[in-house]
>>> print(open('structure_30.pdb').read())   # PDB, C-alpha atoms
ATOM      1  CA  MET A   1     -20.816  11.034  -1.686
ATOM      2  CA  LYS A   2     -23.820   8.854  -2.456
ATOM      3  CA  SER A   3     -23.891   5.176  -1.575
ATOM      4  CA  HIS A   4     -23.639   4.118  -5.235
ATOM      5  CA  GLU A   5     -20.671   6.433  -5.865
ATOM      6  CA  ARG A   6     -18.961   5.171  -2.713
ATOM      7  CA  GLN A   7     -19.463   1.579  -3.877
ATOM      8  CA  GLN A   8     -17.992   2.397  -7.314
ATOM      9  CA  ALA A   9     -14.994   4.134  -5.718
ATOM     10  CA  ARG A  10     -14.404   1.105  -3.471
ATOM     11  CA  HIS A  11     -14.566  -1.183  -6.519
ATOM     12  CA  ARG A  12     -12.065   0.987  -8.437
ATOM     13  CA  GLY A  13      -9.752   0.933  -5.426
ATOM     14  CA  LYS A  14      -9.876  -2.856  -5.155
ATOM     15  CA  MET A  15      -9.174  -3.182  -8.893
ATOM     16  CA  ALA A  16      -6.181  -0.831  -8.531
ATOM     17  CA  GLU A  17      -4.879  -2.930  -5.619
ATOM     18  CA  THR A  18      -5.239  -6.112  -7.673
ATOM     19  CA  LEU A  19      -3.339  -4.579 -10.597
ATOM     20  CA  ALA A  20      -0.657  -3.300  -8.204
ATOM     21  CA  ALA A  21      -0.246  -6.789  -6.720
ATOM     22  CA  VAL A  22       0.195  -8.232 -10.223
ATOM     23  CA  TRP A  23       2.722  -5.486 -10.998
ATOM     24  CA  LEU A  24       4.706  -6.380  -7.879
ATOM     25  CA  ARG A  25       4.626 -10.087  -8.757
ATOM     26  CA  LEU A  26       6.046  -9.231 -12.178
ATOM     27  CA  LYS A  27       8.882  -7.525 -10.289
ATOM     28  CA  PHE A  28       9.501 -10.773  -8.338
ATOM     29  CA  TYR A  29       7.854  -9.742  -5.076
ATOM     30  CA  ARG A  30       5.907 -12.311  -3.070
ATOM     31  CA  ILE A  31       2.616 -10.971  -1.711
ATOM     32  CA  LEU A  32       2.384 -11.669   2.024
ATOM     33  CA  ALA A  33      -0.906  -9.882   2.703
ATOM     34  CA  ARG A  34      -3.509  -7.631   1.090
ATOM     35  CA  GLY A  35      -6.036  -5.297   2.659
ATOM     36  CA  LEU A  36      -4.368  -5.657   6.026
ATOM     37  CA  ALA A  37      -6.485  -3.737   8.517
ATOM     38  CA  GLY A  38      -5.819  -3.035  12.151
ATOM     39  CA  ARG A  39      -8.436  -3.724  14.792
ATOM     40  CA  ARG A  40     -11.189  -1.130  15.010
ATOM     41  CA  GLY A  41     -10.515   1.414  17.708
ATOM     42  CA  SER A  42      -6.854   0.423  17.976
ATOM     43  CA  GLY A  43      -5.669   3.420  15.960
ATOM     44  CA  ALA A  44      -4.028   1.091  13.453
ATOM     45  CA  GLY A  45      -4.648   1.818   9.814
ATOM     46  CA  GLU A  46      -4.786  -0.323   6.737
ATOM     47  CA  VAL A  47      -1.985  -1.486   4.479
ATOM     48  CA  ASP A  48      -3.022  -2.250   0.906
ATOM     49  CA  ILE A  49      -0.243  -4.750   0.182
ATOM     50  CA  VAL A  50       2.567  -6.336   2.172
ATOM     51  CA  ALA A  51       5.165  -7.767  -0.200
ATOM     52  CA  ARG A  52       8.573  -9.357   0.161
ATOM     53  CA  ARG A  53      11.523  -9.681  -2.163
ATOM     54  CA  GLY A  54      14.608 -11.205  -0.608
ATOM     55  CA  LYS A  55      15.309  -9.457   2.705
ATOM     56  CA  ILE A  56      13.021  -6.504   1.908
ATOM     57  CA  VAL A  57       9.503  -6.334   3.309
ATOM     58  CA  ALA A  58       7.549  -3.529   1.665
ATOM     59  CA  PHE A  59       4.350  -2.060   3.048
ATOM     60  CA  VAL A  60       2.723  -0.707  -0.090
ATOM     61  CA  GLU A  61       0.037   1.968  -0.365
ATOM     62  CA  VAL A  62      -1.848   1.996  -3.674
ATOM     63  CA  LYS A  63      -3.290   5.304  -4.855
ATOM     64  CA  SER A  64      -5.503   5.567  -7.921
ATOM     65  CA  ARG A  65      -6.452   9.009  -9.187
ATOM     66  CA  PRO A  66      -7.047  10.692 -12.575
ATOM     67  CA  SER A  67      -3.326  11.583 -12.808
ATOM     68  CA  PRO A  68      -0.105  10.306 -11.202
ATOM     69  CA  THR A  69       0.427  13.728  -9.617
ATOM     70  CA  GLU A  70      -2.987  13.622  -7.930
ATOM     71  CA  ALA A  71      -2.274  10.064  -6.774
ATOM     72  CA  ALA A  72       1.035  11.126  -5.221
ATOM     73  CA  GLU A  73      -0.515  14.137  -3.511
ATOM     74  CA  SER A  74      -3.307  12.036  -1.968
ATOM     75  CA  LEU A  75      -0.994  10.255   0.481
ATOM     76  CA  GLY A  76      -0.863  12.606   3.453
ATOM     77  CA  PRO A  77       1.072  12.514   6.740
ATOM     78  CA  ALA A  78      -1.851  11.220   8.843
ATOM     79  CA  GLN A  79      -2.427   8.321   6.453
ATOM     80  CA  ARG A  80       1.297   7.499   6.429
ATOM     81  CA  ARG A  81       1.263   7.323  10.241
ATOM     82  CA  ARG A  82      -1.755   4.967  10.199
ATOM     83  CA  ILE A  83       0.051   2.717   7.694
ATOM     84  CA  GLU A  84       3.162   2.758   9.881
ATOM     85  CA  ARG A  85       1.096   1.678  12.923
ATOM     86  CA  ALA A  86      -0.500  -1.156  10.936
ATOM     87  CA  ALA A  87       2.964  -2.203   9.732
ATOM     88  CA  SER A  88       4.240  -2.310  13.326
ATOM     89  CA  ALA A  89       1.289  -4.478  14.352
ATOM     90  CA  PHE A  90       1.884  -6.815  11.398
ATOM     91  CA  LEU A  91       5.583  -7.165  12.218
ATOM     92  CA  ALA A  92       4.785  -7.885  15.871
ATOM     93  CA  ARG A  93       2.639 -10.829  14.703
ATOM     94  CA  HIS A  94       5.350 -12.106  12.319
ATOM     95  CA  PRO A  95       8.618 -12.592  14.228
ATOM     96  CA  ASP A  96       9.941 -14.579  11.259
ATOM     97  CA  LEU A  97      10.424 -11.217   9.499
ATOM     98  CA  THR A  98      12.878  -9.981  12.141
ATOM     99  CA  GLY A  99      16.087  -9.034  10.415
ATOM    100  CA  CYS A 100      14.358  -7.984   7.181
ATOM    101  CA  ASP A 101      14.730  -4.467   5.855
ATOM    102  CA  ILE A 102      11.408  -2.640   6.204
ATOM    103  CA  ARG A 103      10.289  -0.183   3.563
ATOM    104  CA  PHE A 104       7.230   1.922   2.814
ATOM    105  CA  ASP A 105       6.414   2.013  -0.895
ATOM    106  CA  ALA A 106       3.686   3.584  -2.998
ATOM    107  CA  ILE A 107       2.180   2.489  -6.276
ATOM    108  CA  LEU A 108       0.496   5.273  -8.208
ATOM    109  CA  MET A 109      -2.232   4.354 -10.654
ATOM    110  CA  ALA A 110      -3.829   6.545 -13.317
ATOM    111  CA  PRO A 111      -6.073   5.582 -16.243
ATOM    112  CA  GLY A 112      -4.195   4.735 -19.435
ATOM    113  CA  ARG A 113      -0.798   4.562 -17.703
ATOM    114  CA  LEU A 114       1.372   1.816 -16.336
ATOM    115  CA  PRO A 115       1.559   1.637 -12.546
ATOM    116  CA  ARG A 116       4.358   3.713 -11.052
ATOM    117  CA  HIS A 117       6.121   1.911  -8.201
ATOM    118  CA  ILE A 118       7.960   4.227  -5.824
ATOM    119  CA  PRO A 119      10.211   2.165  -3.549
ATOM    120  CA  ASP A 120      10.978   3.791  -0.188
ATOM    121  CA  ALA A 121       8.328   6.470  -0.828
ATOM    122  CA  TRP A 122       8.618   7.716   2.747
ATOM    123  CA  ARG A 123      10.307   6.971   6.024
ATOM    124  CA  PRO A 124       8.678   7.018   9.407
ATOM    125  CA  GLU A 125       9.173  10.285  11.279
ATOM    126  CA  ALA A 126      10.818   8.458  14.190
ATOM    127  CA  CYS A 127      13.767   7.432  11.997
TER     128      CYS A 127
END
>>> encode(input="structure_30.pdb", output="structure tokens")
Amino acid sequence: MKSHERQQARHRGKMAETLAAVWLRLKFYRILARGLAGRRGSGAGEVDIVARRGKIVAFVEVKSRPSPTEAAESLGPAQRRRIERAASAFLARHPDLTGCDIRFDAILMAPGRLPRHIPDAWRPEAC
């Protein structure tokens, strides 16, 4: 992928994350963090959005593709594990969230369609 194409893809991804955050706010979630990245070399991944509603803390992955099916298929096991590691690191830094129910959600974005929020899209393999 050329530098210009990579830059455009990054811009589209950030726009999708912004729209997903607005979508979550409309559903009465409070955004706790966006673009949460682990330290380089730590093996931790990135979480697009951390949101809370009541006692639920959702670690949300946003996927934008030409169709909702392609968006859903683009979230593989290795990426889920990286998100889970980043979530663990985030929770370790926020003891005030102890006692909350933790969930991994996905928001699928496709042109010309409303965002599709999938609560509890996956569970960590250790559970």
>>> residues_around(input="structure_30.pdb", residues="Arg30 of chain A", least_positions_apart="3", cutoff="7 Å", atoms="all atoms listed in the file", output="PyMOL selection string")
chain A and resi 25+51-53
>>> atom_distance(input="structure_30.pdb", atom1="atom CA of Ile31 of chain A", atom2="atom CA of Arg6 of chain A")
27.0 Å
>>> residues_near_point(input="structure_30.pdb", point="(2.7, -4.6, 11.2)", cutoff="10 Å", atoms="all atoms listed in the file", output="compact mmCIF listing (two decimals) with C-alpha atoms, in the coordinates of the input")
# COMPACT_ATOMS: atom_id res chain seq x y z
CA LEU A 36 -4.37 -5.66 6.03
CA ALA A 37 -6.48 -3.74 8.52
CA GLY A 38 -5.82 -3.04 12.15
CA ALA A 44 -4.03 1.09 13.45
CA GLY A 45 -4.65 1.82 9.81
CA GLU A 46 -4.79 -0.32 6.74
CA VAL A 47 -1.98 -1.49 4.48
CA VAL A 50 2.57 -6.34 2.17
CA PHE A 59 4.35 -2.06 3.05
CA ILE A 83 0.05 2.72 7.69
CA GLU A 84 3.16 2.76 9.88
CA ARG A 85 1.10 1.68 12.92
CA ALA A 86 -0.50 -1.16 10.94
CA ALA A 87 2.96 -2.20 9.73
CA SER A 88 4.24 -2.31 13.33
CA ALA A 89 1.29 -4.48 14.35
CA PHE A 90 1.88 -6.82 11.40
CA LEU A 91 5.58 -7.16 12.22
CA ALA A 92 4.78 -7.88 15.87
CA ARG A 93 2.64 -10.83 14.70
CA HIS A 94 5.35 -12.11 12.32
>>> resolve_selection(input="structure_30.pdb", expression="the PyMOL selection byres ((chain A and resi 58) around 10)", output="PyMOL selection string")
chain A and resi 29+31-32+49-53+55-57+59-61+87+100-106+119-120
>>> closest_atom_pairs(input="structure_30.pdb", of="segment 40-100 of chain A", to="segment 108-112 of chain A", cutoff="8 Å", atoms="only C-alpha atoms", output="tab-separated table")
residue	atom	partner	partner_atom	distance
A:Val62	CA	A:Leu108	CA	6.1
A:Lys63	CA	A:Leu108	CA	5.1
A:Ser64	CA	A:Met109	CA	4.4
A:Arg65	CA	A:Ala110	CA	5.5
A:Pro66	CA	A:Ala110	CA	5.3
A:Ser67	CA	A:Ala110	CA	5.1
A:Pro68	CA	A:Ala110	CA	5.7
A:Ala71	CA	A:Leu108	CA	5.7
A:Ala72	CA	A:Leu108	CA	6.6
>>> residues_near_point(input="structure_30.pdb", point="(7.8, 9.5, 4.1)", cutoff="8 Å", atoms="all atoms listed in the file", output="JSON, numbers by chain")
{"A": [77, 80, 104, 120, 121, 122, 123, 124, 125]}
>>> write_last_selection(input="structure_30.pdb", atoms="C-alpha atoms", output="PDB file, in the coordinates of the input")
ATOM      1  CA  PRO A  77       1.072  12.514   6.740  1.00  0.00           C
ATOM      2  CA  ARG A  80       1.297   7.499   6.429  1.00  0.00           C
ATOM      3  CA  PHE A 104       7.230   1.922   2.814  1.00  0.00           C
ATOM      4  CA  ASP A 120      10.978   3.791  -0.188  1.00  0.00           C
ATOM      5  CA  ALA A 121       8.328   6.470  -0.828  1.00  0.00           C
ATOM      6  CA  TRP A 122       8.618   7.716   2.747  1.00  0.00           C
ATOM      7  CA  ARG A 123      10.307   6.971   6.024  1.00  0.00           C
ATOM      8  CA  PRO A 124       8.678   7.018   9.407  1.00  0.00           C
ATOM      9  CA  GLU A 125       9.173  10.285  11.279  1.00  0.00           C
TER      10      GLU A 125
END
>>> closest_residue(input="structure_30.pdb", among="A:Ser3, A:Ala78, A:Ile107, A:Ala33", to="Ala16 of chain A", atoms="all atoms listed in the file")
A:Ile107
>>> residues_around(input="structure_30.pdb", residues="Trp23 of chain A", least_positions_apart="3", cutoff="10 Å", atoms="only C-alpha atoms", output="PDB file with C-alpha atoms, keeping the file's coordinate frame")
ATOM      1  CA  GLU A  17      -4.879  -2.930  -5.619  1.00  0.00           C
ATOM      2  CA  THR A  18      -5.239  -6.112  -7.673  1.00  0.00           C
ATOM      3  CA  LEU A  19      -3.339  -4.579 -10.597  1.00  0.00           C
ATOM      4  CA  ALA A  20      -0.657  -3.300  -8.204  1.00  0.00           C
ATOM      5  CA  LEU A  26       6.046  -9.231 -12.178  1.00  0.00           C
ATOM      6  CA  LYS A  27       8.882  -7.525 -10.289  1.00  0.00           C
ATOM      7  CA  PHE A  28       9.501 -10.773  -8.338  1.00  0.00           C
ATOM      8  CA  TYR A  29       7.854  -9.742  -5.076  1.00  0.00           C
ATOM      9  CA  ILE A 107       2.180   2.489  -6.276  1.00  0.00           C
ATOM     10  CA  LEU A 114       1.372   1.816 -16.336  1.00  0.00           C
ATOM     11  CA  PRO A 115       1.559   1.637 -12.546  1.00  0.00           C
ATOM     12  CA  ARG A 116       4.358   3.713 -11.052  1.00  0.00           C
ATOM     13  CA  HIS A 117       6.121   1.911  -8.201  1.00  0.00           C
TER      14      HIS A 117
END
>>> atom_distance(input="structure_30.pdb", atom1="atom CA of Gly35 of chain A", atom2="atom CA of Gly99 of chain A")
23.7 Å
>>> atom_distance(input="structure_30.pdb", atom1="atom CA of Ile118 of chain A", atom2="atom CA of Gln7 of chain A")
27.6 Å
>>> decode(input="structure_30.pdb", residues="segment 66-82 of chain A", atoms="N, CA, C and O atoms", output="compact mmCIF listing (two decimals), in the first residue's frame")
# COMPACT_ATOMS: atom_id res chain seq x y z
N PRO A 66 -16.26 -2.24 3.15
CA PRO A 66 -17.31 -1.98 2.16
C PRO A 66 -18.67 -2.60 2.51
O PRO A 66 -19.70 -2.11 2.08
N SER A 67 -18.67 -3.68 3.31
CA SER A 67 -19.94 -4.30 3.71
C SER A 67 -19.84 -4.72 5.18
O SER A 67 -18.73 -4.96 5.69
N PRO A 68 -20.99 -4.84 5.86
CA PRO A 68 -20.96 -5.29 7.25
C PRO A 68 -20.35 -6.69 7.41
O PRO A 68 -19.65 -6.95 8.38
N THR A 69 -20.58 -7.55 6.43
CA THR A 69 -20.00 -8.90 6.49
C THR A 69 -18.48 -8.84 6.46
O THR A 69 -17.81 -9.50 7.26
N GLU A 70 -17.93 -8.03 5.56
CA GLU A 70 -16.47 -7.88 5.49
C GLU A 70 -15.93 -7.27 6.79
O GLU A 70 -14.85 -7.66 7.25
N ALA A 71 -16.67 -6.33 7.36
CA ALA A 71 -16.24 -5.72 8.62
C ALA A 71 -16.19 -6.77 9.72
O ALA A 71 -15.21 -6.85 10.47
N ALA A 72 -17.21 -7.60 9.80
CA ALA A 72 -17.26 -8.64 10.83
C ALA A 72 -16.13 -9.66 10.65
O ALA A 72 -15.52 -10.09 11.63
N GLU A 73 -15.86 -10.01 9.42
CA GLU A 73 -14.83 -11.02 9.15
C GLU A 73 -13.41 -10.49 9.37
O GLU A 73 -12.47 -11.28 9.46
N SER A 74 -13.25 -9.18 9.47
CA SER A 74 -11.90 -8.61 9.59
C SER A 74 -11.36 -8.62 11.01
O SER A 74 -10.21 -8.26 11.23
N LEU A 75 -12.15 -9.05 11.97
CA LEU A 75 -11.71 -9.09 13.36
C LEU A 75 -11.30 -10.51 13.71
O LEU A 75 -12.12 -11.34 14.08
N GLY A 76 -10.01 -10.79 13.57
CA GLY A 76 -9.50 -12.14 13.76
C GLY A 76 -9.07 -12.44 15.19
O GLY A 76 -9.02 -11.56 16.04
N PRO A 77 -8.75 -13.70 15.46
CA PRO A 77 -8.37 -14.13 16.81
C PRO A 77 -7.13 -13.41 17.36
O PRO A 77 -7.10 -13.06 18.54
N ALA A 78 -6.12 -13.19 16.54
CA ALA A 78 -4.90 -12.52 17.02
C ALA A 78 -5.22 -11.09 17.44
O ALA A 78 -4.73 -10.61 18.48
N GLN A 79 -6.04 -10.40 16.67
CA GLN A 79 -6.40 -9.03 17.01
C GLN A 79 -7.24 -9.00 18.29
O GLN A 79 -7.06 -8.14 19.14
N ARG A 80 -8.14 -9.96 18.43
CA ARG A 80 -8.95 -10.03 19.66
C ARG A 80 -8.04 -10.20 20.89
O ARG A 80 -8.25 -9.55 21.91
N ARG A 81 -7.04 -11.05 20.77
CA ARG A 81 -6.11 -11.25 21.90
C ARG A 81 -5.35 -9.98 22.23
O ARG A 81 -5.15 -9.65 23.40
N ARG A 82 -4.91 -9.22 21.21
CA ARG A 82 -4.21 -7.96 21.46
C ARG A 82 -5.14 -6.96 22.17
O ARG A 82 -4.72 -6.26 23.08
